[in-house]
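> Sharing a structure, written as structure tokens. Questions coming.
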Amino acid sequence: MDDLFWLGALLLLSAAAFLFLHLLGDDDERRAA
Amino acid sequence: MQYTTPERWILIFGFIGLTAAMAKPFGAWMFALYEGRATFAARTLGPVERLVYKAGGIDPDREQGWRGYAAAMLLFNIVGIVFLYALQRLQGFLPLNPQGFDGVAAPVAFNTAVSFVTNTNWQSYGGETTMSHLVQMLGLTVQNFVSAATGIAVAFALIRGFARKETNGIGNFWADLVRITLYLLLPICLVYALVLVALGVPQTLAGSAVATTLEGVQQTIALGPVASQEAIKMLGTNGGGFFNVNSAHPFENPTNLTNLLQMLSIFALGAGLTWTFGKAVGNPRQGWAILAAMLILFAAGTSIAYIAEAGGNPIHHAIGLDPAGGNMEGKETRFGVAASVLFAAVTTAASCGAVNAMHDSFTAIGGFVPMFNMQLGEVIVGGVGAGLYGVLLYCILAIFVAGLMVGRTPEYVGKKIEAREVKLAVLAIAVLPLCMLGFTALASVLPQGLEGVQEAGPHGFSEMLYAYTSAAANNGSGFGGLTASNPFWAGTLGVAMFLGRFFIILPVLAIAGSLAAKKTTPAGAGAFPTTGALWVGLLAGLILVLGGLTFLPGLALGPAADHLAMIHGQTF
């Protein structure tokens, strides 16, 4: 149960990081367009 | 200035001179790697490099855009966190565990996994009483190498952004990672570890030794593969010690010579990268100017801390302690005040986090300097790679400010700095204060946060602020007195470390991509010069003012109030 919680937290952090990367990339593309 | 001595000042300023002297040789070594040229280590380790590429299906010559580079970096690091977490949880079932340790508690395993992967190396556990040799070697030491290599790789990518023109490629993350690890970190650490062994640092797979003391009591002395971890701990600005008391332990740092070597090795690569940057953009003076700004800030902070620690604590003097001894609480008598202060300044300026004295026991002003070094964003030499890309963010802001003053489009090393770069730089710089101050505010009002704090009054607040400052800045040093192993502290510090690492790296790589796509324009007559004293002053001033304004309220509640209480003899 403990492992699920902490690995879940890591999953959320990772998802947030990839979302951040995606958003920075979107801005890049908008600028290029 | 009372109780400071000329020979101690020589130690401090001699060390600064040695740091400047290291910049070119280490910078040239890294420049060869940056360019992908073969170094002497490639002749021996070339087959290993090719084997890694073959096993991983990597084409090292394939250029990645900034998003590809960032995705590879993120993926590699997240897998590293999961692997390290699993290794700690399962250590009870795995070999090389002579002390028979059980699996590490889940919150501590999470905290430690994030900590070592992000190059923070905050330790909410005692190494010799918690981690098996397997975890220390296969988990922690491996991450010491690859987290340092990740930082340098990101710095390389940003340098390419400045140095290249009209291209999408900023390098290949996998090739950078492998080459930096094999051809820079491993060879230096191999020699460095052997030197440490020769100077008295243990390197053994034995669990511990049992000795009989003079009183006839049996004492268990922890041992292990210390030298190998020690070498990369310093060179890679990781800072996670084999022993709980880190470099204050005589097995980690036996003599004044090892102490000096450790301090120099913390700064070696960070200082070198400034030279690499200058060389890559075609003018080494650009690198020297950055290093000069860093060393001016370092000299100022270290001097303030030394004066404060040599002056000692008036509360101690009032009860009869010799004031000439300075503040020796929490310091090793082997090193004394100056070498302890210098180590504290180096380790916090460089995002290392190793300690040879307990920062919690410094005077309020002596403890303020290490904290402020970190709050400035770890850009005073800084972590390996992280220091350079951090200071280049400030360079972007400084040239933007200079551009506003002279009324021209800002240009830095031949690149026009436009709205996107400035916005990304501000975004990256804002991450640290948000994490440091936001989490400290949260811990100050929640019972789960307050239960970890040992001291009452402003010093207790400093302990909390220091912890989140250290975590978000990926430093890892601790103000003692804080018990940070409960789930609240372990979790929030882990989150701060993650955000402080990757939410800065991502905008940095976006800047690299944006700059690489631009044309390079030769500096015109009206361009703001970025190699002279004016630029050095502007850069150092901007770093100081930005940090000062952001953290002044927090520092007033902690170290400033603590200092005022101390000089009025008030204890809590």
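Residue names in the structure tokens use chain letters A, B, ... in the order shown, residue numbers from 1 in each chain, and ligand numbers from 1 in the order shown.
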What are the residues of chain A that have an atom within 10 Å of an atom of chain B, counting only C-alpha atoms, as a compact mmCIF listing (two decimals) with all heavy atoms, in the first residue's frame?

# COMPACT_ATOMS: atom_id res chain seq x y z
N MET A 1 0.83 -1.21 0.00
CA MET A 1 0.00 0.00 0.00
C MET A 1 0.87 1.26 0.00
O MET A 1 0.65 2.18 -0.78
CB MET A 1 -0.88 -0.03 1.25
CG MET A 1 -2.05 0.94 1.20
SD MET A 1 -3.15 0.53 -0.18
CE MET A 1 -4.03 2.06 -0.35
N ASP A 2 1.91 1.22 0.87
CA ASP A 2 2.86 2.33 0.92
C ASP A 2 3.51 2.54 -0.44
O ASP A 2 3.65 3.66 -0.91
CB ASP A 2 3.98 2.00 1.94
CG ASP A 2 3.66 2.60 3.30
OD1 ASP A 2 2.57 3.19 3.43
OD2 ASP A 2 4.49 2.45 4.21
N ASP A 3 3.91 1.41 -1.05
CA ASP A 3 4.59 1.50 -2.35
C ASP A 3 3.67 2.11 -3.40
O ASP A 3 4.11 2.92 -4.22
CB ASP A 3 5.06 0.11 -2.79
CG ASP A 3 6.19 -0.39 -1.91
OD1 ASP A 3 7.06 0.42 -1.56
OD2 ASP A 3 6.17 -1.58 -1.54
N LEU A 4 2.41 1.72 -3.36
CA LEU A 4 1.45 2.28 -4.33
C LEU A 4 1.37 3.79 -4.19
O LEU A 4 1.35 4.53 -5.17
CB LEU A 4 0.05 1.69 -4.09
CG LEU A 4 -0.28 0.40 -4.83
CD1 LEU A 4 -1.70 -0.02 -4.50
CD2 LEU A 4 -0.10 0.59 -6.33
N PHE A 5 1.34 4.25 -2.94
CA PHE A 5 1.23 5.70 -2.70
C PHE A 5 2.43 6.45 -3.26
O PHE A 5 2.29 7.43 -4.00
CB PHE A 5 1.09 5.96 -1.18
CG PHE A 5 1.05 7.43 -0.84
CD1 PHE A 5 -0.13 8.15 -0.95
CD2 PHE A 5 2.19 8.10 -0.43
CE1 PHE A 5 -0.17 9.51 -0.65
CE2 PHE A 5 2.17 9.46 -0.13
CZ PHE A 5 0.97 10.16 -0.24
N TRP A 6 3.63 5.96 -2.91
CA TRP A 6 4.83 6.71 -3.29
C TRP A 6 5.13 6.57 -4.78
O TRP A 6 5.59 7.53 -5.42
CB TRP A 6 6.03 6.27 -2.44
CG TRP A 6 5.85 6.70 -1.01
CD1 TRP A 6 5.53 5.90 0.05
CD2 TRP A 6 5.87 8.04 -0.50
NE1 TRP A 6 5.38 6.65 1.18
CE2 TRP A 6 5.58 7.97 0.88
CE3 TRP A 6 6.12 9.28 -1.07
CZ2 TRP A 6 5.54 9.10 1.69
CZ3 TRP A 6 6.08 10.40 -0.25
CH2 TRP A 6 5.79 10.30 1.10
N LEU A 7 4.84 5.40 -5.34
CA LEU A 7 5.04 5.26 -6.79
C LEU A 7 3.97 6.07 -7.54
O LEU A 7 4.23 6.61 -8.62
CB LEU A 7 5.01 3.78 -7.21
CG LEU A 7 6.25 3.00 -6.76
CD1 LEU A 7 6.09 1.50 -7.04
CD2 LEU A 7 7.52 3.52 -7.44
N ALA A 9 2.79 8.89 -6.43
CA ALA A 9 3.28 10.28 -6.36
C ALA A 9 4.32 10.53 -7.45
O ALA A 9 4.31 11.57 -8.11
CB ALA A 9 3.90 10.53 -4.98
N LEU A 10 5.17 9.54 -7.65
CA LEU A 10 6.20 9.67 -8.69
C LEU A 10 5.56 9.75 -10.07
O LEU A 10 5.98 10.52 -10.94
CB LEU A 10 7.17 8.50 -8.60
CG LEU A 10 8.26 8.49 -9.66
CD1 LEU A 10 9.14 9.73 -9.56
CD2 LEU A 10 9.11 7.23 -9.54
N LEU A 11 4.51 8.93 -10.25
CA LEU A 11 3.80 8.93 -11.54
C LEU A 11 3.21 10.31 -11.82
O LEU A 11 3.31 10.84 -12.93
CB LEU A 11 2.70 7.86 -11.51
CG LEU A 11 1.94 7.64 -12.82
CD1 LEU A 11 2.84 7.02 -13.87
CD2 LEU A 11 0.72 6.75 -12.58
N LEU A 13 4.22 13.22 -10.57
CA LEU A 13 5.30 14.16 -10.84
C LEU A 13 5.81 14.01 -12.27
O LEU A 13 6.07 15.00 -12.97
CB LEU A 13 6.46 13.92 -9.86
CG LEU A 13 6.32 14.50 -8.46
CD1 LEU A 13 7.46 14.01 -7.57
CD2 LEU A 13 6.31 16.02 -8.48
N SER A 14 5.97 12.74 -12.69
CA SER A 14 6.47 12.49 -14.04
C SER A 14 5.48 13.02 -15.07
O SER A 14 5.87 13.63 -16.08
CB SER A 14 6.68 10.99 -14.26
OG SER A 14 7.47 10.47 -13.24
N ALA A 16 3.40 15.42 -14.67
CA ALA A 16 3.47 16.88 -14.66
C ALA A 16 4.67 17.37 -15.46
O ALA A 16 4.57 18.36 -16.20
CB ALA A 16 3.56 17.38 -13.21
N ALA A 17 5.79 16.67 -15.34
CA ALA A 17 6.99 17.08 -16.07
C ALA A 17 6.78 16.95 -17.57
O ALA A 17 7.14 17.85 -18.35
CB ALA A 17 8.19 16.25 -15.61
N PHE A 18 6.19 15.83 -18.00
CA PHE A 18 5.97 15.65 -19.44
C PHE A 18 4.92 16.65 -19.96
O PHE A 18 5.02 17.12 -21.09
CB PHE A 18 5.56 14.20 -19.75
CG PHE A 18 6.76 13.30 -19.90
CD1 PHE A 18 7.11 12.39 -18.90
CD2 PHE A 18 7.56 13.36 -21.03
CE1 PHE A 18 8.23 11.58 -19.03
CE2 PHE A 18 8.69 12.55 -21.18
CZ PHE A 18 9.01 11.67 -20.17
N PHE A 20 4.50 19.65 -18.76
CA PHE A 20 5.25 20.92 -18.82
C PHE A 20 6.07 20.98 -20.12
O PHE A 20 6.06 21.99 -20.83
CB PHE A 20 6.15 21.01 -17.59
CG PHE A 20 6.83 22.34 -17.39
CD1 PHE A 20 6.15 23.54 -17.52
CD2 PHE A 20 8.18 22.40 -17.04
CE1 PHE A 20 6.78 24.76 -17.32
CE2 PHE A 20 8.82 23.61 -16.84
CZ PHE A 20 8.12 24.80 -16.99
N LEU A 21 6.72 19.87 -20.42
CA LEU A 21 7.51 19.79 -21.66
C LEU A 21 6.61 20.00 -22.87
O LEU A 21 6.94 20.74 -23.81
CB LEU A 21 8.20 18.41 -21.73
CG LEU A 21 8.86 18.02 -23.04
CD1 LEU A 21 9.97 18.97 -23.41
CD2 LEU A 21 9.42 16.60 -22.94
N HIS A 22 5.44 19.37 -22.84
CA HIS A 22 4.50 19.49 -23.95
C HIS A 22 4.04 20.94 -24.12
O HIS A 22 3.98 21.46 -25.24
CB HIS A 22 3.30 18.57 -23.67
CG HIS A 22 2.22 18.68 -24.69
ND1 HIS A 22 2.36 18.15 -25.96
CD2 HIS A 22 1.00 19.25 -24.65
CE1 HIS A 22 1.26 18.41 -26.66
NE2 HIS A 22 0.41 19.07 -25.88
N LEU A 24 5.60 23.69 -23.15
CA LEU A 24 6.70 24.52 -23.66
C LEU A 24 6.88 24.31 -25.16
O LEU A 24 7.14 25.24 -25.91
CB LEU A 24 8.01 24.15 -22.94
CG LEU A 24 8.13 24.55 -21.47
CD1 LEU A 24 9.42 23.99 -20.87
CD2 LEU A 24 8.10 26.05 -21.31
N GLY A 25 6.67 23.06 -25.60
CA GLY A 25 6.78 22.73 -27.02
C GLY A 25 5.68 23.36 -27.83
O GLY A 25 5.90 23.87 -28.94
N ASP A 27 4.14 26.10 -27.24
CA ASP A 27 4.44 27.51 -27.38
C ASP A 27 5.44 27.73 -28.52
O ASP A 27 5.32 28.66 -29.31
CB ASP A 27 5.01 28.03 -26.04
CG ASP A 27 5.20 29.53 -26.05
OD1 ASP A 27 4.30 30.21 -26.54
OD2 ASP A 27 6.26 29.99 -25.59
N ASP A 28 6.40 26.81 -28.57
CA ASP A 28 7.41 26.84 -29.62
C ASP A 28 6.77 26.77 -31.00
O ASP A 28 7.08 27.52 -31.92
CB ASP A 28 8.31 25.60 -29.40
CG ASP A 28 9.72 25.85 -29.86
OD1 ASP A 28 10.06 27.01 -30.08
OD2 ASP A 28 10.47 24.86 -29.99
N ARG A 31 4.77 29.77 -32.02
CA ARG A 31 5.65 30.87 -32.41
C ARG A 31 6.15 30.66 -33.84
O ARG A 31 6.20 31.58 -34.64
CB ARG A 31 6.84 30.92 -31.44
CG ARG A 31 7.64 32.19 -31.52
CD ARG A 31 8.68 32.17 -30.42
NE ARG A 31 9.57 31.01 -30.58
CZ ARG A 31 10.81 31.10 -31.01
NH1 ARG A 31 11.32 32.26 -31.32
NH2 ARG A 31 11.57 30.03 -31.14
> Do you know which residues are at most 12 Å from Ser247 (chain B) counting only C-alpha atoms, after dropping those on the same chain fewer than 2 positions away, and could you put them as an NGL selection string?
:B and (201 or 226-227 or 229-231 or 233-234 or 239-245 or 249-256 or 258-263 or 331-332 or 334-335 or 340 or 343-344 or 347 or 352-358 or 477)
> If you measure from CA of Ile170 (chain B) to CA of Leu273 (chain B), what distance in Å do you get, rounded to one decimal?
17.0 Å
> As a list of chain:residue names, list the residues of region 270-490 of chain B assigned to strand (DSSP E or B) by DSSP on the backbone atoms of this structure.
B:Lys331, B:Ala357, B:Glu411, B:Tyr412, B:Lys415, B:Lys416, B:Val453, B:Leu482
